[in-house]
Amino acid sequence: DYNKAIEINPKYAYAFYNRGLAWEELDNLPSALADFKKFSELDPNNSDGPRKIAEIEQKIASAAKVNPTTSVAPQVLLQILRSLRNLLN
């Protein structure tokens with residue numbers, strides 16, 4: 001699993017990229033964004049990182065705009081906070 005690969009080698013860029021794809025598939029956009037940013041940091045010459053970061057940022061922005069009368073934006077914020085907590089633990 002990608003978590004184990006990252007635990008064994010925290011500089012393995014593709015583990016972050018692939019885990020980001022998994023988070024995206026699970027619609028956990030804040031976690032996906034964090035992993036794609038880490039991928040870009042570890043492999044700055046790879047154009048996939050900035051492309052995926054832009055895609056995820058667009059998805060997050062679109063989700064917040066879907067219906068401003070619902071709690072979509074707070075849900076996104078809550079996901080971001082949970083992701084940050086998980087990264088710090």
# chains A, B, ... in the order shown; residues from 1 in each chain; ligands from 1

call {"tool": "residues_around", "arguments": {"residues": "Glu24 of chain A", "least_positions_apart": "5", "cutoff": "10 Å", "atoms": "only C-alpha atoms", "output": "list in words"}}
result
Asn18, Arg19, Leu29, Pro30, Ser31, Ala32, Leu33, Lys52, Ile56 and Lys59 of chain A

call {"tool": "write_last_selection", "arguments": {"atoms": "N, CA and C atoms", "output": "PDB file, in the first residue's frame"}}
result
ATOM      1  N   ASN A  18       0.636   8.274  -6.657  1.00  0.00           N
ATOM      2  CA  ASN A  18      -0.376   7.225  -6.734  1.00  0.00           C
ATOM      3  C   ASN A  18      -1.363   7.296  -5.571  1.00  0.00           C
ATOM      4  N   ARG A  19      -0.887   7.648  -4.376  1.00  0.00           N
ATOM      5  CA  ARG A  19      -1.814   7.810  -3.260  1.00  0.00           C
ATOM      6  C   ARG A  19      -2.728   9.012  -3.527  1.00  0.00           C
ATOM      7  N   LEU A  29     -10.412  15.292  -1.748  1.00  0.00           N
ATOM      8  CA  LEU A  29      -9.614  16.232  -2.526  1.00  0.00           C
ATOM      9  C   LEU A  29      -8.503  16.905  -1.727  1.00  0.00           C
ATOM     10  N   PRO A  30      -8.728  17.287  -0.475  1.00  0.00           N
ATOM     11  CA  PRO A  30      -7.627  17.901   0.280  1.00  0.00           C
ATOM     12  C   PRO A  30      -6.431  16.954   0.451  1.00  0.00           C
ATOM     13  N   SER A  31      -6.683  15.686   0.705  1.00  0.00           N
ATOM     14  CA  SER A  31      -5.586  14.728   0.833  1.00  0.00           C
ATOM     15  C   SER A  31      -4.897  14.516  -0.511  1.00  0.00           C
ATOM     16  N   ALA A  32      -5.680  14.463  -1.576  1.00  0.00           N
ATOM     17  CA  ALA A  32      -5.105  14.332  -2.917  1.00  0.00           C
ATOM     18  C   ALA A  32      -4.203  15.523  -3.215  1.00  0.00           C
ATOM     19  N   LEU A  33      -4.684  16.713  -2.901  1.00  0.00           N
ATOM     20  CA  LEU A  33      -3.911  17.928  -3.153  1.00  0.00           C
ATOM     21  C   LEU A  33      -2.591  17.890  -2.384  1.00  0.00           C
ATOM     22  N   LYS A  52      -1.864  17.993 -11.947  1.00  0.00           N
ATOM     23  CA  LYS A  52      -2.818  17.416 -10.994  1.00  0.00           C
ATOM     24  C   LYS A  52      -3.171  18.416  -9.889  1.00  0.00           C
ATOM     25  N   ILE A  56      -7.029  19.474  -9.086  1.00  0.00           N
ATOM     26  CA  ILE A  56      -7.642  19.305  -7.768  1.00  0.00           C
ATOM     27  C   ILE A  56      -8.084  20.653  -7.212  1.00  0.00           C
ATOM     28  N   LYS A  59     -11.279  21.445  -8.823  1.00  0.00           N
ATOM     29  CA  LYS A  59     -12.378  20.636  -8.281  1.00  0.00           C
ATOM     30  C   LYS A  59     -12.826  21.155  -6.920  1.00  0.00           C
TER      31      LYS A  59
END

call {"tool": "residues_around", "arguments": {"residues": "Tyr12 of chain A", "least_positions_apart": "2", "cutoff": "12 Å", "atoms": "only C-alpha atoms", "output": "list in words"}}
result
Tyr2, Asn3, Lys4, Ala5, Ile6, Glu7, Ile8, Asn9, Pro10, Tyr14, Ala15, Phe16, Tyr17, Asn18, Arg19, Asp35, Lys38, Phe39, Ser40, Glu41, Leu42 and Asp43 of chain A

call {"tool": "write_last_selection", "arguments": {"atoms": "N, CA and C atoms", "output": "PDB file, in the first residue's frame"}}
result
ATOM      1  N   TYR A   2       0.327   2.342  -0.450  1.00  0.00           N
ATOM      2  CA  TYR A   2       1.122   3.570  -0.621  1.00  0.00           C
ATOM      3  C   TYR A   2       1.600   4.134   0.704  1.00  0.00           C
ATOM      4  N   ASN A   3       0.801   4.012   1.750  1.00  0.00           N
ATOM      5  CA  ASN A   3       1.229   4.499   3.061  1.00  0.00           C
ATOM      6  C   ASN A   3       2.487   3.764   3.516  1.00  0.00           C
ATOM      7  N   LYS A   4       2.513   2.476   3.312  1.00  0.00           N
ATOM      8  CA  LYS A   4       3.676   1.676   3.705  1.00  0.00           C
ATOM      9  C   LYS A   4       4.891   2.051   2.863  1.00  0.00           C
ATOM     10  N   ALA A   5       4.683   2.251   1.575  1.00  0.00           N
ATOM     11  CA  ALA A   5       5.787   2.648   0.699  1.00  0.00           C
ATOM     12  C   ALA A   5       6.368   3.987   1.142  1.00  0.00           C
ATOM     13  N   ILE A   6       5.514   4.911   1.531  1.00  0.00           N
ATOM     14  CA  ILE A   6       5.962   6.233   1.984  1.00  0.00           C
ATOM     15  C   ILE A   6       6.670   6.105   3.331  1.00  0.00           C
ATOM     16  N   GLU A   7       6.153   5.225   4.180  1.00  0.00           N
ATOM     17  CA  GLU A   7       6.790   5.002   5.481  1.00  0.00           C
ATOM     18  C   GLU A   7       8.206   4.453   5.290  1.00  0.00           C
ATOM     19  N   ILE A   8       8.362   3.529   4.352  1.00  0.00           N
ATOM     20  CA  ILE A   8       9.670   2.922   4.094  1.00  0.00           C
ATOM     21  C   ILE A   8      10.604   3.918   3.420  1.00  0.00           C
ATOM     22  N   ASN A   9      10.069   4.669   2.459  1.00  0.00           N
ATOM     23  CA  ASN A   9      10.893   5.637   1.724  1.00  0.00           C
ATOM     24  C   ASN A   9      10.107   6.917   1.515  1.00  0.00           C
ATOM     25  N   PRO A  10      10.212   7.878   2.443  1.00  0.00           N
ATOM     26  CA  PRO A  10       9.444   9.120   2.347  1.00  0.00           C
ATOM     27  C   PRO A  10       9.826  10.020   1.162  1.00  0.00           C
ATOM     28  N   TYR A  14       6.624   8.711  -6.512  1.00  0.00           N
ATOM     29  CA  TYR A  14       5.471   8.075  -7.151  1.00  0.00           C
ATOM     30  C   TYR A  14       4.491   7.455  -6.165  1.00  0.00           C
ATOM     31  N   ALA A  15       4.949   7.160  -4.961  1.00  0.00           N
ATOM     32  CA  ALA A  15       4.007   6.694  -3.934  1.00  0.00           C
ATOM     33  C   ALA A  15       3.040   7.826  -3.582  1.00  0.00           C
ATOM     34  N   PHE A  16       3.561   9.046  -3.494  1.00  0.00           N
ATOM     35  CA  PHE A  16       2.694  10.197  -3.218  1.00  0.00           C
ATOM     36  C   PHE A  16       1.744  10.455  -4.387  1.00  0.00           C
ATOM     37  N   TYR A  17       2.268  10.332  -5.605  1.00  0.00           N
ATOM     38  CA  TYR A  17       1.424  10.557  -6.777  1.00  0.00           C
ATOM     39  C   TYR A  17       0.286   9.533  -6.833  1.00  0.00           C
ATOM     40  N   ASN A  18       0.636   8.274  -6.657  1.00  0.00           N
ATOM     41  CA  ASN A  18      -0.376   7.225  -6.734  1.00  0.00           C
ATOM     42  C   ASN A  18      -1.363   7.296  -5.571  1.00  0.00           C
ATOM     43  N   ARG A  19      -0.887   7.648  -4.376  1.00  0.00           N
ATOM     44  CA  ARG A  19      -1.814   7.810  -3.260  1.00  0.00           C
ATOM     45  C   ARG A  19      -2.728   9.012  -3.527  1.00  0.00           C
ATOM     46  N   ASP A  35      -0.898  15.297  -1.383  1.00  0.00           N
ATOM     47  CA  ASP A  35       0.003  14.309  -1.973  1.00  0.00           C
ATOM     48  C   ASP A  35       0.572  14.768  -3.304  1.00  0.00           C
ATOM     49  N   LYS A  38       3.301  17.207  -2.542  1.00  0.00           N
ATOM     50  CA  LYS A  38       4.514  16.521  -2.093  1.00  0.00           C
ATOM     51  C   LYS A  38       5.210  15.853  -3.272  1.00  0.00           C
ATOM     52  N   PHE A  39       4.437  15.254  -4.178  1.00  0.00           N
ATOM     53  CA  PHE A  39       5.009  14.659  -5.386  1.00  0.00           C
ATOM     54  C   PHE A  39       5.787  15.715  -6.172  1.00  0.00           C
ATOM     55  N   SER A  40       5.190  16.893  -6.338  1.00  0.00           N
ATOM     56  CA  SER A  40       5.853  17.970  -7.088  1.00  0.00           C
ATOM     57  C   SER A  40       7.123  18.434  -6.397  1.00  0.00           C
ATOM     58  N   GLU A  41       7.081  18.456  -5.079  1.00  0.00           N
ATOM     59  CA  GLU A  41       8.264  18.844  -4.312  1.00  0.00           C
ATOM     60  C   GLU A  41       9.392  17.828  -4.523  1.00  0.00           C
ATOM     61  N   LEU A  42       9.047  16.555  -4.523  1.00  0.00           N
ATOM     62  CA  LEU A  42      10.050  15.508  -4.664  1.00  0.00           C
ATOM     63  C   LEU A  42      10.515  15.308  -6.105  1.00  0.00           C
ATOM     64  N   ASP A  43       9.652  15.619  -7.068  1.00  0.00           N
ATOM     65  CA  ASP A  43       9.986  15.439  -8.485  1.00  0.00           C
ATOM     66  C   ASP A  43       9.602  16.712  -9.248  1.00  0.00           C
TER      67      ASP A  43
END

call {"tool": "closest_residue", "arguments": {"among": "A:Val76, A:Leu81, A:Ala34, A:Leu88", "to": "Ile60 of chain A", "atoms": "only C-alpha atoms"}}
result
A:Val76

call {"tool": "atom_distance", "arguments": {"atom1": "atom CA of Ser47 of chain A", "atom2": "atom CA of Arg85 of chain A"}}
result
28.1 Å

call {"tool": "closest_residue", "arguments": {"among": "A:Asn86, A:Asp1, A:Lys37, A:Glu25", "to": "Glu57 of chain A", "atoms": "only C-alpha atoms"}}
result
A:Lys37

call {"tool": "select_by_dssp", "arguments": {"residues": "chain A", "states": "alpha helix (DSSP H)", "output": "ChimeraX atom specification"}}
result
/A:2-8,13-25,29-42,48-65,72-88

call {"tool": "closest_residue", "arguments": {"among": "A:Ala61, A:Gln79, A:Lys11, A:Ala54", "to": "Trp23 of chain A", "atoms": "only C-alpha atoms"}}
result
A:Gln79
